[in-house]
Amino acid sequence: MKFVQNIFDQTRPLVEKDGKRNLLYPLHNALETMAFVPDHTSHSGAHVRDAIDLKRTMVTVIFAMVPALLFGMWNIGRLHFGAFGEESSLLDNVIFGALKMLPLITVTYAAGLGVEIYFSWKRNHPVNEGFLVSGLLIPMIMPVDIPLWMVAVSTIFAVLIGKEVFGGTGMNLLNPALTARAFAFFAYPTWMSGDKVWINTTSADGGQLVDGYSGATALGDLATTVGQGMGNPATETVMAQFGPEGTYSLMNAFLGLIPGSIGETSAALILLGGLFLIFKGVGSWRIMLSFFIGGFVMAAIFSAFAVNEFMGLNPLHQLMLGGFMFGMVFMATDPVSASQTATGKLIYGFLAGFFGIMIRVFNPAYPEGIMLAILFMNVMAPLIDHYVVEANVKRRAKRLANA
Amino acid sequence: MSQTFKIRKGHDIKLVGGAPKTDLGRITASTYAVTPSDFPGITPKLVVKAGTQVKAGDTLFFDKDRPEVKICSPVSGEVAEVKRGAKRKILAVLILADTECSYADHGAFSFSGATRDAAAAHFASTGVGAFITSRPYGVAAGMSEKPRAIFINGIQSGPLAGDLAYQLEGKEKSIATAVKALKLMTEGTVYVSHDSDKAPIEALQSLDATHITFSGKHPKGLVGTQIAQTAPLNKGEIVWTVNAIDLPTIGAAFESGEYRPEYRIALAGSKTMNAGYATALQGVSLTQFLSANVNTDNSRVIAGDVLTGTKIEKDGFLSFGQTQLTAIPEGNQTEFFGWVLPGFGKFSTNRAFWSWLFPNREYDLDTNMHGEERAFVVTGEYEKFIPMDIFPQQLLRAILIKDIEKMEQLGIYEVVPEDFALAEVACTSKLPLQQIVRDGLNELRKEMM
């Protein structure tokens, strides 16, 4: 690996303090420390250190996302060819999906890292690894047909306003990936909701969409039942899709064979990633579990007091739809924006899941209630922690009084 | 009846190169050094200068703010040099030892009808008071303090720690004397801690004191853990802590009035050529001993263990209060894509590396940081290594912003830097936790004095 080291050594003078390309120093440093774990030795405190660093933590999260990402790519192709009634092989689907997905990923990384590198240079600190994960999360929660420039603008907004203004990785209040999605959702609503964006229907050879094609998502369809009451014949065709044989059946929703944001559809593979994260000790089981319970409790309450078909949906089915699972495993668990105390994590997760389902069902204009609920709980997390820590402070004060 | 506490939070770092019970002889040298930086919380005021003749037990310097805290010479001889650094800070007092050691006679202590004041005066004049650490702050104890309790730590559970029973062998009598003296110093309880995972140490078991027993993982051997489990320290309270290994020195000073800081020290670590135990006086020059027993090629010698010890040079001296020497390789090499590889052979306290499959493996760890420093990102990590009712990360943040009130509320009085050592090892962001805590304690002490 000597030649790789040589490349870094030779280019270093160019980017160092007096070099011509000083602005690129953080990039140089990031790439070098990525290629080689640095030779730094301990100077104060403990003399030996754990092999783990933030790069390892972040790459573990990326590994956990890969199954859902690959599935998402395949699903893009499957839905695209399906819309035209064309036969397609597994490979066709994956290639088509990859061609849609790779530009999204590239643009996100380029936009986000550009901002990160500028701030690293400005503040004279190394590039943080946080964006390695955010940069992959953002494309996974976008609809397939969103224009690339919108992704770029959303990403820049998220990194700048969601993170850097607070001081960078570790200081941010909001989850940057969700900030990007929220920005896109409110800035470009026509590209982020409805029934045009979830399945790519541009055809190179002038193919015709099959009869009865609908580009809507499960939640979009469910939203149409609101205000119609339970058992209304008008909602029958919609609800039939949620039956065991329907497009949005529980099994299809669990496996992810439904339209939706690119990486969000497959509950099964997301759960697999979640279990991997818990097993590796990188993701918080407290948040994931309490998030699930919170969502389930809300869905069960709705189901018990249903006044429309949306509320009446089987609670488990409810949780398999939309961004719930993805939010639970990859969004709510962001250690920086979540609660930091063990007890706080349980409360935070529960409320995020609870509010997520509540927003989704009560306000059908926001089918992505999960995103808003997590962002809301991000803001509330310091408050939760405050009370948890305050309990410890009180306990200590009481001990002092009794001493 | 002794109480038993099981320590579940923590981690035993298993390293290769444990010290077998082989005798490496006696470390002799003509130079000795006493280093003020070994005594946290002391502003040294010298009473000797180059050329002064001293006996073992004569004061070399004392604390400017508390003159009764005296640091004495471990040998007799001539003060060769007072080494100074920037702003004339005293780095070390070097003593050229006589061939035949003569002792300053502070007189044997008479226990019949002895008062606290008499004992305090004896602690101060013989210099053995310096072996008592005072909490909060973790500094050398002032004799006018009124400790709520005294904790005698009879557990050595750090990485490659020496076998305390072996190190204390044959010193039963002076150990008992030391505890008798310590009991005069407090109206509260004198605790002695025991490790129930090891064979009981008779000399400590038989002591007239309150016995507490610990089992489980390190940091059971940190006195901070033991205090937190028994009766956590409150604001305004003071407890004293003494390492059991220092009891014979204290006892001897009360029996004969002489200062004899002699120890059986452990030499361990993967970079040793001969691991084992050697007899040595505090402050002795280690140059010859290290060159004979340690492979000094690209290695680091630590006085103490790898968690809390201080790095010493190859021509260094045995630091005050340290009875273990650890030699490990320096980790000054890069590793190609080390953060992506499965890491079957990497030491880690969490399962992000596949080495978790082999929990009992002994590692040959080097001093590499395995990554760059970052901001706090991962949460819930430190708690796994600190068996106390505190929120470590919140406390560290309070220290970093110098919020004294918040530090107090979050329990800074209950901790000293060593309590954060394991968390520092595990820290994903590679932050200097022990230094942060030390800075916080200094800040607090400055405010309070």
# chains A, B, ... in the order shown; residues from 1 in each chain; ligands from 1
call {"tool": "interface_residues", "arguments": {"of": "chain A", "to": "chain B", "cutoff": "6 Å", "atoms": "only C-alpha atoms", "output": "ChimeraX atom specification"}}
result
/A:35-42,45-54,56,170,280,335-336,340,393,400
call {"tool": "write_last_selection", "arguments": {"atoms": "C-alpha atoms", "output": "JSON list (two decimals), in the first residue's frame"}}
result
[["chain", "number", "residue", "atom", "x", "y", "z"],
["A", 35, "ALA", "CA", -7.37, 4.90, 3.47],
["A", 36, "PHE", "CA", -5.10, 4.62, 6.49],
["A", 37, "VAL", "CA", -6.07, 4.66, 10.14],
["A", 38, "PRO", "CA", -3.61, 7.35, 11.31],
["A", 39, "ASP", "CA", -0.46, 6.59, 13.28],
["A", 40, "HIS", "CA", -1.49, 8.84, 16.18],
["A", 41, "THR", "CA", -0.56, 7.52, 19.58],
["A", 42, "SER", "CA", -2.11, 8.35, 22.93],
["A", 45, "GLY", "CA", -4.87, 9.52, 29.83],
["A", 46, "ALA", "CA", -5.25, 5.89, 28.93],
["A", 47, "HIS", "CA", -2.41, 4.46, 26.88],
["A", 48, "VAL", "CA", -4.41, 1.91, 24.93],
["A", 49, "ARG", "CA", -7.61, 2.57, 23.02],
["A", 50, "ASP", "CA", -10.53, 0.66, 21.66],
["A", 51, "ALA", "CA", -10.28, -0.11, 17.94],
["A", 52, "ILE", "CA", -13.59, 1.64, 17.35],
["A", 53, "ASP", "CA", -13.84, 5.11, 15.90],
["A", 54, "LEU", "CA", -16.57, 7.14, 14.32],
["A", 56, "ARG", "CA", -16.34, 2.28, 12.07],
["A", 170, "GLY", "CA", -22.45, 16.22, 17.25],
["A", 280, "LYS", "CA", -23.49, -4.60, 16.78],
["A", 335, "PRO", "CA", -27.49, 9.41, 18.56],
["A", 336, "VAL", "CA", -26.93, 13.15, 18.23],
["A", 340, "GLN", "CA", -29.01, 10.79, 25.20],
["A", 393, "VAL", "CA", -29.63, 15.84, 40.40],
["A", 400, "LEU", "CA", -26.97, 15.45, 50.70]]
call {"tool": "residues_around", "arguments": {"residues": "Leu46 in chain B", "least_positions_apart": "6", "cutoff": "9 Å", "atoms": "only C-alpha atoms", "output": "list in words"}}
result
Thr59, Leu60, Phe61, Phe62, Asp63 and Ile90 of chain B
call {"tool": "write_last_selection", "arguments": {"atoms": "N, CA and C atoms", "output": "mmCIF file, in the first residue's frame"}}
result
data_model
loop_
_atom_site.group_PDB
_atom_site.id
_atom_site.type_symbol
_atom_site.label_atom_id
_atom_site.label_comp_id
_atom_site.auth_asym_id
_atom_site.auth_seq_id
_atom_site.Cartn_x
_atom_site.Cartn_y
_atom_site.Cartn_z
ATOM 1 N N THR B 59 12.443 16.313 54.617
ATOM 2 C CA THR B 59 11.530 16.950 53.663
ATOM 3 C C THR B 59 12.302 17.570 52.494
ATOM 4 N N LEU B 60 11.818 17.329 51.281
ATOM 5 C CA LEU B 60 12.405 17.964 50.099
ATOM 6 C C LEU B 60 11.611 19.207 49.722
ATOM 7 N N PHE B 61 10.294 19.049 49.714
ATOM 8 C CA PHE B 61 9.439 20.212 49.461
ATOM 9 C C PHE B 61 8.094 19.975 50.125
ATOM 10 N N PHE B 62 7.344 21.079 50.288
ATOM 11 C CA PHE B 62 6.008 20.943 50.875
ATOM 12 C C PHE B 62 5.034 21.759 50.050
ATOM 13 N N ASP B 63 3.764 21.578 50.343
ATOM 14 C CA ASP B 63 2.736 22.296 49.603
ATOM 15 C C ASP B 63 2.643 23.725 50.113
ATOM 16 N N ILE B 90 9.154 23.450 38.939
ATOM 17 C CA ILE B 90 10.041 22.381 39.397
ATOM 18 C C ILE B 90 9.613 21.059 38.764
#
call {"tool": "residues_around", "arguments": {"residues": "Asn314 in chain A", "least_positions_apart": "2", "cutoff": "12 Å", "atoms": "only C-alpha atoms", "output": "ChimeraX atom specification"}}
result
/A:239,242-243,249-250,296-304,306,309-312,316-321
call {"tool": "write_last_selection", "arguments": {"atoms": "N, CA and C atoms", "output": "tab-separated table (two decimals), in the first residue's frame"}}
result
chain	number	residue	atom	x	y	z
A	239	MET	N	-60.07	-0.28	-0.18
A	239	MET	CA	-59.74	-1.18	0.93
A	239	MET	C	-59.46	-2.60	0.46
A	242	PHE	N	-55.99	-3.61	0.41
A	242	PHE	CA	-55.31	-3.93	1.66
A	242	PHE	C	-55.66	-5.33	2.14
A	243	GLY	N	-56.55	-5.99	1.39
A	243	GLY	CA	-56.91	-7.37	1.73
A	243	GLY	C	-55.76	-8.31	1.43
A	249	SER	N	-51.25	-5.70	0.44
A	249	SER	CA	-51.52	-6.69	1.49
A	249	SER	C	-50.41	-6.62	2.54
A	250	LEU	N	-50.74	-7.15	3.72
A	250	LEU	CA	-49.77	-7.11	4.81
A	250	LEU	C	-48.44	-7.72	4.38
A	296	PHE	N	-47.44	1.22	17.67
A	296	PHE	CA	-48.45	0.17	17.77
A	296	PHE	C	-49.59	0.59	18.68
A	297	VAL	N	-49.25	1.19	19.80
A	297	VAL	CA	-50.29	1.62	20.74
A	297	VAL	C	-51.22	2.62	20.08
A	298	MET	N	-50.63	3.60	19.38
A	298	MET	CA	-51.47	4.60	18.71
A	298	MET	C	-52.35	3.95	17.65
A	299	ALA	N	-51.75	3.07	16.84
A	299	ALA	CA	-52.51	2.41	15.78
A	299	ALA	C	-53.61	1.54	16.38
A	300	ALA	N	-53.33	0.91	17.51
A	300	ALA	CA	-54.33	0.05	18.15
A	300	ALA	C	-55.48	0.89	18.70
A	301	ILE	N	-55.13	2.05	19.27
A	301	ILE	CA	-56.20	2.93	19.78
A	301	ILE	C	-57.07	3.38	18.61
A	302	PHE	N	-56.44	3.79	17.52
A	302	PHE	CA	-57.20	4.20	16.34
A	302	PHE	C	-58.10	3.08	15.86
A	303	SER	N	-57.52	1.91	15.82
A	303	SER	CA	-58.25	0.78	15.28
A	303	SER	C	-59.47	0.47	16.15
A	304	ALA	N	-59.31	0.66	17.46
A	304	ALA	CA	-60.42	0.35	18.37
A	304	ALA	C	-61.54	1.38	18.26
A	306	ALA	N	-62.22	3.34	15.51
A	306	ALA	CA	-62.14	3.79	14.12
A	306	ALA	C	-63.43	4.46	13.66
A	309	GLU	N	-61.79	4.14	7.43
A	309	GLU	CA	-61.03	2.93	7.11
A	309	GLU	C	-59.54	3.10	7.42
A	310	PHE	N	-59.04	4.32	7.30
A	310	PHE	CA	-57.63	4.59	7.60
A	310	PHE	C	-57.34	4.22	9.06
A	311	MET	N	-58.23	4.73	9.95
A	311	MET	CA	-58.04	4.43	11.36
A	311	MET	C	-58.24	2.96	11.65
A	312	GLY	N	-59.12	2.35	10.88
A	312	GLY	CA	-59.51	0.97	11.17
A	312	GLY	C	-58.49	-0.06	10.73
A	316	LEU	N	-50.73	-3.59	12.96
A	316	LEU	CA	-49.47	-4.08	12.45
A	316	LEU	C	-49.28	-3.66	10.99
A	317	HIS	N	-50.39	-3.73	10.26
A	317	HIS	CA	-50.37	-3.34	8.86
A	317	HIS	C	-50.00	-1.85	8.75
A	318	GLN	N	-50.59	-1.08	9.64
A	318	GLN	CA	-50.34	0.36	9.68
A	318	GLN	C	-48.83	0.65	9.80
A	319	LEU	N	-48.18	-0.13	10.66
A	319	LEU	CA	-46.76	0.12	10.92
A	319	LEU	C	-45.86	-0.30	9.77
A	320	MET	N	-46.37	-1.18	8.92
A	320	MET	CA	-45.54	-1.65	7.80
A	320	MET	C	-45.53	-0.65	6.65
A	321	LEU	N	-46.44	0.32	6.70
A	321	LEU	CA	-46.58	1.25	5.57
A	321	LEU	C	-45.73	2.50	5.78
call {"tool": "select_by_dssp", "arguments": {"residues": "range 219-430 of chain B", "states": "strand (DSSP E or B)", "output": "number ranges by chain"}}
result
B: 239-243, 262-268, 272, 276-281, 284-285, 294, 299-303, 310-312, 317, 324-329, 335-336, 363, 368
call {"tool": "closest_atom_pairs", "arguments": {"of": "range 155-208 of chain B", "to": "range 2-8 of chain B", "cutoff": "12 Å", "atoms": "only C-alpha atoms", "output": "tab-separated table"}}
result
residue	atom	partner	partner_atom	distance
B:Ser157	CA	B:Ile7	CA	11.7
B:Tyr191	CA	B:Ser2	CA	10.1
B:Val192	CA	B:Ser2	CA	9.8
B:Ser193	CA	B:Ser2	CA	9.4
B:His194	CA	B:Thr4	CA	9.1
B:Asp195	CA	B:Thr4	CA	9.4
B:Ser196	CA	B:Thr4	CA	8.3
B:Asp197	CA	B:Lys6	CA	10.4
B:Gln205	CA	B:Ser2	CA	10.3
call {"tool": "residues_around", "arguments": {"residues": "Glu68 in chain B", "least_positions_apart": "2", "cutoff": "8 Å", "atoms": "only C-alpha atoms", "output": "short mmCIF file (atom, residue, chain, number, x, y, z; two decimals) with N, CA and C atoms, in the first residue's frame"}}
result
data_model
loop_
_atom_site.label_atom_id
_atom_site.label_comp_id
_atom_site.auth_asym_id
_atom_site.auth_seq_id
_atom_site.Cartn_x
_atom_site.Cartn_y
_atom_site.Cartn_z
N PHE B 62 7.34 21.08 50.29
CA PHE B 62 6.01 20.94 50.87
C PHE B 62 5.03 21.76 50.05
N ASP B 63 3.76 21.58 50.34
CA ASP B 63 2.74 22.30 49.60
C ASP B 63 2.64 23.73 50.11
N ARG B 66 -0.58 24.27 52.05
CA ARG B 66 -0.79 23.44 53.25
C ARG B 66 0.56 22.88 53.67
N LYS B 70 4.04 17.26 53.36
CA LYS B 70 5.47 17.26 53.10
C LYS B 70 5.86 16.06 52.24
N ALA B 124 2.51 13.96 59.18
CA ALA B 124 3.12 15.08 58.45
C ALA B 124 4.64 15.02 58.50
N SER B 125 5.19 14.80 59.69
CA SER B 125 6.65 14.90 59.80
C SER B 125 7.36 13.76 59.10
N GLY B 142 -4.68 16.99 53.29
CA GLY B 142 -4.18 17.90 54.30
C GLY B 142 -4.55 17.35 55.66
N MET B 143 -3.64 17.44 56.62
CA MET B 143 -3.89 16.76 57.90
C MET B 143 -4.97 17.43 58.74
#
